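Shown below: query30.cif, with mmCIF, C-alpha atoms and all ligand atoms.
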```
data_input
loop_
_atom_site.group_PDB
_atom_site.id
_atom_site.type_symbol
_atom_site.label_atom_id
_atom_site.label_comp_id
_atom_site.auth_asym_id
_atom_site.auth_seq_id
_atom_site.Cartn_x
_atom_site.Cartn_y
_atom_site.Cartn_z
ATOM 1 C CA MET O 1 0.000 0.000 0.000
ATOM 2 C CA SER O 2 1.368 3.369 -0.997
ATOM 3 C CA SER O 3 1.510 6.269 1.414
ATOM 4 C CA VAL O 4 1.253 8.773 -1.458
ATOM 5 C CA LEU O 5 -1.820 11.003 -1.041
ATOM 6 C CA CYS O 6 -1.569 13.088 -4.212
ATOM 7 C CA GLN O 7 0.756 15.292 -6.189
ATOM 8 C CA LEU O 8 1.506 18.662 -4.600
ATOM 9 C CA GLU O 9 0.344 20.455 -7.744
ATOM 10 C CA GLU O 10 -3.115 18.899 -7.396
ATOM 11 C CA ILE O 11 -3.782 21.129 -4.362
ATOM 12 C CA PRO O 12 -3.937 24.838 -5.276
ATOM 13 C CA ASP O 13 -1.678 26.989 -3.091
ATOM 14 C CA GLY O 14 -3.563 28.005 0.076
ATOM 15 C CA ASP O 15 -6.219 25.380 -0.482
ATOM 16 C CA SER O 16 -6.972 22.066 1.188
ATOM 17 C CA ARG O 17 -7.984 18.528 0.346
ATOM 18 C CA GLY O 18 -9.466 15.674 2.351
ATOM 19 C CA PHE O 19 -8.328 12.048 2.220
ATOM 20 C CA SER O 20 -9.410 8.787 3.725
ATOM 21 C CA VAL O 21 -6.384 6.672 4.643
ATOM 22 C CA ASP O 22 -6.522 3.351 6.438
ATOM 23 C CA GLY O 23 -9.966 4.158 7.793
ATOM 24 C CA ARG O 24 -8.843 7.534 9.068
ATOM 25 C CA ASP O 25 -10.069 10.845 7.647
ATOM 26 C CA ILE O 26 -7.355 13.447 7.302
ATOM 27 C CA PHE O 27 -6.855 16.651 5.359
ATOM 28 C CA VAL O 28 -3.914 18.467 3.846
ATOM 29 C CA VAL O 29 -3.425 22.232 3.573
ATOM 30 C CA ARG O 30 -0.932 23.538 1.036
ATOM 31 C CA GLN O 31 1.135 26.616 1.854
ATOM 32 C CA GLY O 32 3.388 27.264 -1.131
ATOM 33 C CA GLY O 33 5.830 24.384 -1.321
ATOM 34 C CA ALA O 34 4.880 23.074 2.108
ATOM 35 C CA VAL O 35 1.984 20.967 3.335
ATOM 36 C CA LEU O 36 0.365 20.574 6.746
ATOM 37 C CA GLY O 37 -1.712 17.550 7.625
ATOM 38 C CA TYR O 38 -4.329 17.065 10.332
ATOM 39 C CA VAL O 39 -6.857 14.469 11.392
ATOM 40 C CA ASN O 40 -10.318 15.582 10.261
ATOM 41 C CA VAL O 41 -11.854 15.705 13.727
ATOM 42 C CA CYS O 42 -12.855 18.893 15.516
ATOM 43 C CA PRO O 43 -11.717 18.853 19.170
ATOM 44 C CA HIS O 44 -15.044 20.427 20.189
ATOM 45 C CA LEU O 45 -17.572 17.659 19.378
ATOM 46 C CA PHE O 46 -15.276 15.251 17.491
ATOM 47 C CA THR O 47 -17.112 15.776 14.209
ATOM 48 C CA PRO O 48 -15.552 16.248 10.754
ATOM 49 C CA LEU O 49 -14.609 19.855 10.086
ATOM 50 C CA GLU O 50 -15.828 20.451 6.561
ATOM 51 C CA MET O 51 -19.309 21.170 5.252
ATOM 52 C CA MET O 52 -18.348 20.620 1.604
ATOM 53 C CA PRO O 53 -15.709 18.182 0.353
ATOM 54 C CA ASP O 54 -12.139 19.534 0.502
ATOM 55 C CA ASP O 55 -13.339 22.818 2.053
ATOM 56 C CA PHE O 56 -11.345 23.318 5.257
ATOM 57 C CA ILE O 57 -10.158 26.926 4.933
ATOM 58 C CA ASP O 58 -12.105 30.036 5.959
ATOM 59 C CA ASP O 59 -12.977 32.840 3.556
ATOM 60 C CA SER O 60 -9.940 34.884 4.618
ATOM 61 C CA GLY O 61 -7.619 32.049 3.631
ATOM 62 C CA GLN O 62 -5.879 32.448 6.993
ATOM 63 C CA PHE O 63 -7.392 29.703 9.107
ATOM 64 C CA ILE O 64 -8.781 26.196 9.117
ATOM 65 C CA ILE O 65 -12.463 26.447 10.032
ATOM 66 C CA CYS O 66 -14.903 23.976 11.557
ATOM 67 C CA ALA O 67 -18.204 24.264 9.685
ATOM 68 C CA THR O 68 -20.277 23.174 12.691
ATOM 69 C CA HIS O 69 -19.654 26.058 15.128
ATOM 70 C CA GLY O 70 -17.060 28.132 13.293
ATOM 71 C CA ALA O 71 -13.979 27.341 15.380
ATOM 72 C CA LEU O 72 -10.824 28.738 13.768
ATOM 73 C CA PHE O 73 -7.504 26.905 13.826
ATOM 74 C CA LYS O 74 -4.038 28.130 12.874
ATOM 75 C CA ILE O 75 -2.860 26.456 9.685
ATOM 76 C CA ALA O 76 0.715 26.212 10.947
ATOM 77 C CA ASP O 77 0.090 24.181 14.100
ATOM 78 C CA GLY O 78 -3.650 23.440 14.314
ATOM 79 C CA GLU O 79 -4.205 25.443 17.501
ATOM 80 C CA CYS O 80 -7.761 26.695 17.951
ATOM 81 C CA ILE O 81 -7.657 30.475 18.392
ATOM 82 C CA ALA O 82 -11.399 31.223 18.349
ATOM 83 C CA GLY O 83 -14.574 29.280 19.033
ATOM 84 C CA PRO O 84 -15.801 26.753 21.578
ATOM 85 C CA CYS O 85 -12.575 24.716 21.660
ATOM 86 C CA GLN O 86 -10.203 27.664 21.940
ATOM 87 C CA GLY O 87 -6.818 26.546 23.243
ATOM 88 C CA GLU O 88 -7.240 22.977 22.024
ATOM 89 C CA SER O 89 -5.604 21.699 18.856
ATOM 90 C CA LEU O 90 -6.192 19.546 15.833
ATOM 91 C CA THR O 91 -4.178 16.336 15.725
ATOM 92 C CA LYS O 92 -1.235 16.658 13.393
ATOM 93 C CA VAL O 93 -0.523 14.130 10.630
ATOM 94 C CA PRO O 94 3.188 14.172 9.673
ATOM 95 C CA LEU O 95 3.630 14.560 5.920
ATOM 96 C CA ALA O 96 6.543 14.614 3.528
ATOM 97 C CA ILE O 97 6.989 15.781 -0.051
ATOM 98 C CA GLU O 98 9.029 13.489 -2.267
ATOM 99 C CA ASP O 99 9.506 14.052 -5.995
ATOM 100 C CA GLY O 100 6.467 16.338 -6.018
ATOM 101 C CA ALA O 101 4.256 13.803 -4.258
ATOM 102 C CA VAL O 102 2.578 14.421 -0.906
ATOM 103 C CA LYS O 103 3.104 11.380 1.322
ATOM 104 C CA LEU O 104 2.420 10.303 4.844
ATOM 105 C CA ALA O 105 5.701 10.518 6.723
ATOM 106 C CA SER O 106 6.454 7.242 8.438
HETATM 107 S S1 LIG W 201 -17.849 20.878 16.405
HETATM 108 FE FE1 LIG W 201 -16.258 22.150 15.637
HETATM 109 S S2 LIG W 201 -16.609 24.053 16.596
HETATM 110 FE FE2 LIG W 201 -18.164 22.764 17.421
#
```
Representation of the structure as C-alpha cells:
Amino acid sequence: MSSVLCQLEEIPDGDSRGFSVDGRDIFVVRQGGAVLGYVNVCPHLFTPLEMMPDDFIDDSGQFIICATHGALFKIADGECIAGPCQGESLTKVPLAIEDGAVKLAS
C-alpha cells in the first residue's frame, strides 16, 4: 500500500484537500511548497470539520475552520484560536513531499 496522497500540484496553493487513509479521515493544507496535515476531527464535538468536500479553509484564507460552530484553527500548528474549543488543537498528521508527491511521513 502506498503512502502517497496526491501530487503537490493537485492542491492549489492556500487550499486544502481531504483524504481517507486506512480508515482515518485526514486533510492536507498547502502553503506554497509546504503541506500541513491534520486528522479531520474537531476537538469540540469530534465531528468532521468540513461542510463541503475539501473545504477546510475560511474565507480569509488564513485559518482552518470547523463548519459546525465556526472554530478557527491556525494552519501552521492546528491550535484553535477562536470558538468553543479555543486553546485545544487539531491532531497533526506528519507529511513529507518526495519528488512532487505528498506522502504520509512514516
Ligand atoms: S464541532 Fe467544531 S466548533 Fe463545534
Starting from the shown file, work through the PyMOL selection byres (((not hetatm)) within 12 of (chain W and resi 201)) and note down what comes out as number ranges by chain. O: 40-51, 56, 64-73, 80-86, 88-90
Nearest candidate to Gln62 of chain O (options O:Asp22, O:Asp15, O:Asp99, O:Glu10; using only C-alpha atoms):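 For Gln62 of chain O, the nearest of the given residues is O:Asp15.
Within the 12 Å cut-off around Ala101 of chain O, using only C-alpha atoms and omitting residues fewer than 2 positions from it on the same chain, the listed residues are Ser2, Ser3, Val4, Leu5, Cys6, Gln7, Leu8, Glu9, Glu10, Ile11, Gly33, Ala34, Val35, Leu95, Ala96, Ile97, Glu98, Asp99, Lys103, Leu104 and Ala105 of chain O.
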I need the residues from that last selection saved to file as a tab-separated table (two decimals), in the frame of the given file (with C-alpha atoms), if you can.
```tsv
chain	number	residue	atom	x	y	z
O	2	SER	CA	1.37	3.37	-1.00
O	3	SER	CA	1.51	6.27	1.41
O	4	VAL	CA	1.25	8.77	-1.46
O	5	LEU	CA	-1.82	11.00	-1.04
O	6	CYS	CA	-1.57	13.09	-4.21
O	7	GLN	CA	0.76	15.29	-6.19
O	8	LEU	CA	1.51	18.66	-4.60
O	9	GLU	CA	0.34	20.45	-7.74
O	10	GLU	CA	-3.12	18.90	-7.40
O	11	ILE	CA	-3.78	21.13	-4.36
O	33	GLY	CA	5.83	24.38	-1.32
O	34	ALA	CA	4.88	23.07	2.11
O	35	VAL	CA	1.98	20.97	3.34
O	95	LEU	CA	3.63	14.56	5.92
O	96	ALA	CA	6.54	14.61	3.53
O	97	ILE	CA	6.99	15.78	-0.05
O	98	GLU	CA	9.03	13.49	-2.27
O	99	ASP	CA	9.51	14.05	-6.00
O	103	LYS	CA	3.10	11.38	1.32
O	104	LEU	CA	2.42	10.30	4.84
O	105	ALA	CA	5.70	10.52	6.72
```
Using all atoms listed in the file for the distances, tell me which of O:Val102, O:Ile75, O:Val29, O:Met52 is nearest to Arg17 of chain O.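 Among the listed residues, the smallest separation from Arg17 of chain O belongs to O:Val29.
Minimum atom-to-atom distances from O:Pro12, O:Pro53, O:Ser60, O:Thr91 to Arg24 of chain O were compared using all atoms listed in the file, and the lowest value belongs to O:Thr91.
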Computed gap from atom CA of Val39 of chain O to atom CA of Phe27 of chain O is 6.4 Å
When you draw a straight line from atom CA of Leu36 of chain O to atom CA of Ala76 of chain O, how long is it in Å?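 Here the two named atoms are 7.0 Å from each other.
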What gap, in Å, lies between atom CA of Asp55 of chain O and atom CA of Val28 of chain O? 10.5 Å
If the box runs along x, y and z of the file and leaves 3 Å on each side of segment 63-77 of chain O, what are its centre and edge lengths in Å, one decimal, as JSON?
```
{"center_x": -9.8, "center_y": 26.4, "center_z": 12.2, "size_x": 27.0, "size_y": 12.5, "size_z": 12.3}
```
Using only C-alpha atoms, which of O:Val93, O:Ile57, O:Val21, O:Ile26 sits nearest Asp77 of chain O?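 Answer, going by the shortest atom-to-atom distance: O:Val93.
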